[in-house]
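K.L.:
My structure is stored as input-v1.cif, with mmCIF, C-alpha atoms.
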```cif
data_entry
#
loop_
_atom_site.label_atom_id
_atom_site.label_comp_id
_atom_site.auth_asym_id
_atom_site.auth_seq_id
_atom_site.Cartn_x
_atom_site.Cartn_y
_atom_site.Cartn_z
CA MET A 1 -56.41 37.81 95.02
CA LYS A 2 -53.44 39.88 93.82
CA GLU A 3 -53.05 37.57 90.83
CA ILE A 4 -56.73 37.99 89.90
CA LYS A 5 -56.42 41.78 90.15
CA ARG A 6 -53.31 41.66 87.98
CA ILE A 7 -55.07 39.58 85.30
CA LEU A 8 -58.12 41.89 85.30
CA LYS A 9 -55.85 44.92 85.03
CA VAL A 10 -53.97 43.43 82.07
CA LYS A 11 -57.19 42.46 80.30
CA SER A 12 -58.75 45.88 80.86
CA LYS A 13 -55.68 47.56 79.34
CA ARG A 14 -55.81 45.25 76.32
CA ASN A 15 -59.47 45.99 75.76
CA LYS A 16 -59.37 49.66 76.78
CA LYS A 17 -60.37 51.08 73.38
CA LEU A 18 -63.10 48.49 72.91
CA LEU A 19 -64.46 49.15 76.40
CA PHE A 20 -64.60 52.89 75.72
CA PHE A 21 -66.42 52.23 72.46
CA LEU A 22 -68.98 49.96 74.15
CA PHE A 23 -69.43 52.45 76.98
CA GLY A 24 -70.09 55.21 74.45
CA LEU A 25 -72.56 53.04 72.54
CA ALA A 26 -74.33 52.09 75.78
CA LEU A 27 -74.52 55.72 76.88
CA ILE A 28 -76.08 56.73 73.56
CA GLY A 29 -78.57 53.87 73.92
CA VAL A 30 -79.57 54.82 77.47
CA VAL A 31 -79.98 58.51 76.59
CA SER A 32 -81.96 57.65 73.44
CA GLY A 33 -84.22 55.32 75.42
CA SER A 34 -84.76 57.96 78.09
CA LEU A 35 -85.76 60.59 75.53
CA PHE A 36 -87.81 58.29 73.33
CA LEU A 37 -90.88 58.48 75.56
CA THR A 38 -91.07 62.24 75.09
CA PHE A 39 -91.31 61.90 71.30
CA ILE A 40 -93.96 59.21 70.98
CA HIS A 41 -97.67 59.96 70.63
CA LYS A 42 -99.66 60.74 73.79
CA THR A 43 -101.75 57.63 73.24
CA ASP A 44 -98.63 55.50 73.37
CA GLN A 45 -97.43 57.39 76.43
CA GLU A 46 -100.68 56.55 78.19
CA LEU A 47 -100.24 52.89 77.26
CA VAL A 48 -96.78 52.91 78.86
CA LYS A 49 -98.19 54.61 81.95
CA GLU A 50 -101.01 52.06 82.11
CA TYR A 51 -98.54 49.16 81.86
CA ILE A 52 -96.34 50.51 84.68
CA THR A 53 -99.36 51.20 86.87
CA SER A 54 -100.73 47.71 86.22
CA PHE A 55 -97.34 46.16 87.05
CA MET A 56 -97.12 48.02 90.35
CA THR A 57 -100.74 47.17 91.22
CA SER A 58 -100.02 43.47 90.63
CA ILE A 59 -97.11 43.70 93.07
CA LYS A 60 -99.19 45.59 95.64
CA GLU A 61 -102.08 43.10 95.52
CA GLY A 62 -99.82 40.04 95.38
CA LYS A 63 -101.12 39.00 91.98
CA LEU A 64 -97.73 38.74 90.31
CA ASN A 65 -96.97 35.16 89.23
CA TYR A 66 -93.32 34.80 90.26
CA PHE A 67 -92.83 31.46 88.56
CA ASP A 68 -94.10 32.72 85.21
CA ALA A 69 -92.04 35.90 85.61
CA PHE A 70 -88.92 33.85 86.36
CA LYS A 71 -89.57 31.51 83.44
CA ASN A 72 -90.17 34.36 80.97
CA THR A 73 -87.09 36.23 82.14
CA CYS A 74 -84.91 33.11 81.85
CA VAL A 75 -86.18 32.39 78.33
CA SER A 76 -85.65 36.00 77.27
CA ASN A 77 -82.06 36.07 78.58
CA LEU A 78 -81.30 32.66 77.10
CA VAL A 79 -82.58 33.61 73.64
CA TYR A 80 -80.62 36.87 73.73
CA ILE A 81 -77.33 35.15 74.59
CA LEU A 82 -77.83 32.36 72.06
CA ILE A 83 -78.54 34.90 69.30
CA LEU A 84 -75.37 36.81 70.21
CA PHE A 85 -73.41 33.56 70.31
CA ILE A 86 -74.62 32.45 66.87
CA LEU A 87 -74.08 35.89 65.32
CA SER A 88 -70.56 36.12 66.71
CA LEU A 89 -69.63 32.92 64.88
CA SER A 90 -70.49 34.64 61.61
CA ILE A 91 -68.10 36.93 59.75
CA ILE A 92 -70.94 39.43 59.27
CA GLY A 93 -72.23 39.16 62.83
CA ILE A 94 -70.51 42.14 64.46
CA PRO A 95 -72.97 44.87 63.25
CA PHE A 96 -75.94 42.80 64.42
CA VAL A 97 -74.30 42.06 67.78
CA LEU A 98 -73.65 45.77 68.33
CA PHE A 99 -77.24 46.59 67.35
CA LEU A 100 -78.62 44.14 69.93
CA TYR A 101 -76.28 45.62 72.53
CA PHE A 102 -77.61 49.08 71.69
CA VAL A 103 -81.20 47.82 72.02
CA LYS A 104 -80.44 46.51 75.53
CA SER A 105 -79.06 49.87 76.64
CA PHE A 106 -82.00 51.62 74.95
CA MET A 107 -84.46 49.52 76.97
CA ILE A 108 -82.70 50.43 80.22
CA GLY A 109 -83.12 54.12 79.43
CA PHE A 110 -86.73 53.59 78.37
CA SER A 111 -87.53 51.72 81.61
CA ILE A 112 -86.13 54.56 83.71
CA SER A 113 -88.08 57.23 81.82
CA SER A 114 -91.27 55.11 82.00
CA PHE A 115 -91.22 55.04 85.80
CA VAL A 116 -90.36 58.75 86.01
CA PHE A 117 -93.12 59.60 83.52
CA THR A 118 -95.65 57.58 85.53
CA TYR A 119 -94.74 58.59 89.09
CA GLY A 120 -92.68 61.74 88.69
CA PHE A 121 -89.64 62.22 90.92
CA LYS A 122 -90.70 59.26 93.10
CA GLY A 123 -90.47 57.06 90.02
CA THR A 124 -86.70 57.56 90.00
CA LEU A 125 -86.34 55.36 93.08
CA PHE A 126 -88.57 52.65 91.64
CA SER A 127 -86.72 52.73 88.32
CA LEU A 128 -83.37 52.27 90.09
CA PHE A 129 -84.67 49.17 91.86
CA TYR A 130 -86.21 47.90 88.65
CA ILE A 131 -83.01 48.18 86.58
CA ILE A 132 -80.65 46.60 89.15
CA PRO A 133 -80.74 43.11 87.54
CA HIS A 134 -80.74 44.65 84.05
CA PHE A 135 -77.64 46.67 84.94
CA ILE A 136 -75.88 43.55 86.27
CA ASN A 137 -76.82 41.68 83.10
CA PHE A 138 -75.55 44.59 81.06
CA ILE A 139 -72.10 44.31 82.63
CA PHE A 140 -72.03 40.60 81.79
CA TYR A 141 -73.25 41.33 78.28
CA SER A 142 -70.47 43.89 77.79
CA ILE A 143 -67.81 41.32 78.70
CA PHE A 144 -69.54 38.76 76.52
CA LEU A 145 -69.62 41.23 73.65
CA ILE A 146 -65.86 41.69 73.85
CA TYR A 147 -65.41 37.94 73.45
CA ALA A 148 -67.99 37.86 70.65
CA MET A 149 -66.32 40.63 68.67
CA LYS A 150 -62.89 39.06 69.08
CA ILE A 151 -64.20 35.73 67.82
CA SER A 152 -65.76 37.42 64.79
CA TYR A 153 -62.50 39.27 64.13
CA LEU A 154 -60.49 36.04 64.38
CA LEU A 155 -62.88 34.33 61.96
CA ILE A 156 -62.43 37.15 59.45
CA THR A 157 -58.65 37.04 59.93
CA SER A 158 -58.51 33.28 59.48
CA LEU A 159 -60.56 33.45 56.28
CA PHE A 160 -59.04 36.47 54.61
CA GLY A 161 -55.73 37.03 56.40
CA LYS A 162 -52.39 35.81 55.18
CA LYS A 163 -51.36 34.34 58.52
CA GLU A 164 -52.89 31.15 59.87
CA VAL A 165 -54.93 31.78 63.02
CA SER A 166 -55.65 29.13 65.64
CA LEU A 167 -59.27 29.31 66.76
CA LYS A 168 -59.33 26.32 69.09
CA LYS A 169 -58.36 28.09 72.33
CA PRO A 170 -60.34 31.34 71.74
CA ILE A 171 -63.52 29.44 70.87
CA SER A 172 -63.00 27.10 73.84
CA ASN A 173 -62.69 30.12 76.17
CA TYR A 174 -65.69 31.71 74.50
CA ILE A 175 -67.87 28.63 75.04
CA THR A 176 -66.72 28.42 78.67
CA TYR A 177 -67.64 32.03 79.33
CA THR A 178 -70.98 31.57 77.56
CA CYS A 179 -71.85 28.64 79.84
CA LEU A 180 -70.76 30.65 82.88
CA LEU A 181 -72.85 33.60 81.73
CA LEU A 182 -75.93 31.40 81.34
CA LEU A 183 -75.53 30.26 84.96
CA LEU A 184 -75.14 33.85 86.13
CA LEU A 185 -78.27 34.80 84.22
CA LEU A 186 -80.25 32.28 86.26
CA PHE A 187 -79.28 34.28 89.34
CA THR A 188 -80.17 37.66 87.82
CA SER A 189 -83.43 36.23 86.47
CA LEU A 190 -84.32 35.20 90.02
CA LEU A 191 -83.30 38.65 91.21
CA GLU A 192 -85.47 40.33 88.58
CA SER A 193 -88.56 38.18 89.03
CA VAL A 194 -88.60 37.79 92.84
CA CYS A 195 -86.25 40.17 94.67
CA VAL A 196 -87.02 43.33 92.68
CA PRO A 197 -90.84 43.03 93.10
CA PHE A 198 -90.23 42.49 96.84
CA LEU A 199 -88.11 45.66 97.04
CA LEU A 200 -90.65 47.65 95.05
CA LYS A 201 -93.42 46.50 97.36
CA GLN A 202 -91.58 47.85 100.41
CA PHE A 203 -91.66 51.37 98.97
CA LEU A 204 -95.18 51.44 97.61
CA PHE A 205 -96.20 53.63 100.54
CA LEU A 206 -94.43 56.50 98.78
CA LEU A 207 -97.12 56.48 96.10
CA LYS A 208 -99.91 57.33 98.53
#
```
Would you mind writing the file out in structure tokens?
P.N.:
Amino acid sequence: MKEIKRILKVKSKRNKKLLFFLFGLALIGVVSGSLFLTFIHKTDQELVKEYITSFMTSIKEGKLNYFDAFKNTCVSNLVYILILFILSLSIIGIPFVLFLYFVKSFMIGFSISSFVFTYGFKGTLFSLFYIIPHFINFIFYSIFLIYAMKISYLLITSLFGKKEVSLKKPISNYITYTCLLLLLLLFTSLLESVCVPFLLKQFLFLLK
């Protein structure tokens, strides 16, 4: 356990500046997503409200198809990771990877504001439950993004740098973490599609 803590401490120090940058980008994304709902047209606001209400009604009446929800969530997470993986293996992939990361944080902020807009202060509790799996995924994505950016940097260095760079070990570690992340996403997909609706259902009495 001490050895694991030591390794995590060393890695966090090495990536301190990058972590601060990603945290800042994520914070901007969440704030932007939270404020976005206040700037869109009232018709669009009503559509968002209608979607949230319909989602909660499906949970209340037991009409939510958990298998379809799990399948759609898995596919969405899988596509997202594969896109990041492919982009990171390109020397021009870093800006696109960062943009997708920003979009993820934006959606978290938008989800929170959507529940609050629909149910007022009570919506804060529902939004917190709703974003639990998304927040867990976001932590994994942040770690993944560090690997992705380092791989892109090494590719650029190997192509245009004067020193020869060995890519075998970094790419091997990157593939290993990608496979591990895909397994973890199966768990969070199950959490999002089954556990979160169950939790939301337990607090539906607050909406009466």
K.L.:
Could you tell me how far CA of Leu128 in chain A sits from CA of Pro197 in chain A, in Å to one decimal place?
P.N.:
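A separation of 12.3 Å between them.
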K.L.:
Spell out the residues picked by the PyMOL selection byres ((chain A and resi 171) around 12) here, as a short mmCIF file (atom, residue, chain, number, x, y, z; two decimals) with C-alpha atoms, keeping the file's coordinate frame.
P.N.:
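Result file expr33.cif:
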```cif
data_model
loop_
_atom_site.label_atom_id
_atom_site.label_comp_id
_atom_site.auth_asym_id
_atom_site.auth_seq_id
_atom_site.Cartn_x
_atom_site.Cartn_y
_atom_site.Cartn_z
CA PHE A 85 -73.41 33.56 70.31
CA SER A 88 -70.56 36.12 66.71
CA LEU A 89 -69.63 32.92 64.88
CA TYR A 147 -65.41 37.94 73.45
CA ALA A 148 -67.99 37.86 70.65
CA MET A 149 -66.32 40.63 68.67
CA LYS A 150 -62.89 39.06 69.08
CA ILE A 151 -64.20 35.73 67.82
CA SER A 152 -65.76 37.42 64.79
CA TYR A 153 -62.50 39.27 64.13
CA LEU A 154 -60.49 36.04 64.38
CA LEU A 155 -62.88 34.33 61.96
CA VAL A 165 -54.93 31.78 63.02
CA SER A 166 -55.65 29.13 65.64
CA LEU A 167 -59.27 29.31 66.76
CA LYS A 168 -59.33 26.32 69.09
CA LYS A 169 -58.36 28.09 72.33
CA PRO A 170 -60.34 31.34 71.74
CA SER A 172 -63.00 27.10 73.84
CA ASN A 173 -62.69 30.12 76.17
CA TYR A 174 -65.69 31.71 74.50
CA ILE A 175 -67.87 28.63 75.04
CA THR A 176 -66.72 28.42 78.67
CA TYR A 177 -67.64 32.03 79.33
CA THR A 178 -70.98 31.57 77.56
#
```
K.L.:
Considering only C-alpha atoms, state which residue in the set A:Leu22, A:Ile86, A:Asn65, A:Phe117 is at the smallest distance from Lys49 in chain A.
P.N.:
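Using only C-alpha atoms, the shortest distance to Lys49 in chain A belongs to A:Phe117.
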K.L.:
Of the candidates A:Ile146, A:Leu206, A:Ile112, A:Leu183, which one gets nearest to Val31 in chain A if we count only C-alpha atoms?
P.N.:
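Nearest to Val31 in chain A: A:Ile112.
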K.L.:
Just to confirm, what's the straight-line distance from CA of Lys104 in chain A to CA of Gly29 in chain A in Å (one decimal)?
P.N.:
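Atom-to-atom, CA of Lys104 in chain A to CA of Gly29 in chain A, that is 7.8 Å.
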K.L.:
Write out as a PyMOL selection string the residues lying within 12 Å of Tyr141 in chain A, counting all atoms listed in the file and excluding same-chain residues fewer than 2 positions away.
P.N.:
chain A and resi 19+22-23+26+77-78+80-82+84-85+97-98+100-102+104-105+134-139+143-149+177-178+180-182+184-185
K.L.:
What's around Lys71 in chain A at 9 Å? Count only C-alpha atoms, leave out sequence neighbours fewer than 5 positions away in its own chain, and write the answer as a tab-separated table (two decimals) with C-alpha atoms, in the coordinates of the input.
P.N.:
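Below is the file out_21.tsv, written as the result:
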```tsv
chain	number	residue	atom	x	y	z
A	66	TYR	CA	-93.32	34.80	90.26
A	76	SER	CA	-85.65	36.00	77.27
A	189	SER	CA	-83.43	36.23	86.47
A	193	SER	CA	-88.56	38.18	89.03
```
K.L.:
Find, counting all atoms listed in the file, the residue in A:Phe21, A:Phe110, A:Tyr51, A:Tyr130 that gets nearest to Phe198 in chain A.
P.N.:
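Checking each of A:Phe21, A:Phe110, A:Tyr51, A:Tyr130 against Phe198 in chain A, counting all atoms listed in the file, the winner is A:Tyr130.
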K.L.:
Would you compute the distance between CA of Leu204 in chain A and CA of Lys60 in chain A? Give it in Å to one decimal.
P.N.:
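Rounded to one decimal, the two atoms are 7.4 Å apart.
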K.L.:
What are the centre and edge lengths in Å, to one decimal, of the axis-aligned box around all listed atoms of range 87-99 of chain A with 3 Å added on each side, as lines of an AutoDock Vina configuration file?
P.N.:
```
center_x = -72.7
center_y = 39.8
center_z = 63.8
size_x = 15.1
size_y = 19.7
size_z = 15.1
```
K.L.:
Hey, which of A:Leu35, A:Ser142, A:Ser54, A:His41 ends up closest to Phe20 in chain A? Count all atoms listed in the file.
P.N.:
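Of A:Leu35, A:Ser142, A:Ser54, A:His41, the one nearest Phe20 in chain A is A:Ser142, counting all atoms listed in the file.
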K.L.:
Which residue out of A:Phe121, A:Phe126, A:Phe39, A:Phe67 has the minimum interatomic distance to Val196 in chain A when all atoms listed in the file are used?
P.N.:
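Closest candidate: A:Phe126.
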K.L.:
Here is a test: counting only C-alpha atoms, which residue of A:Thr73, A:Ser114, A:Thr157, A:Ser90 is nearest to Thr188 in chain A?
P.N.:
A:Thr73
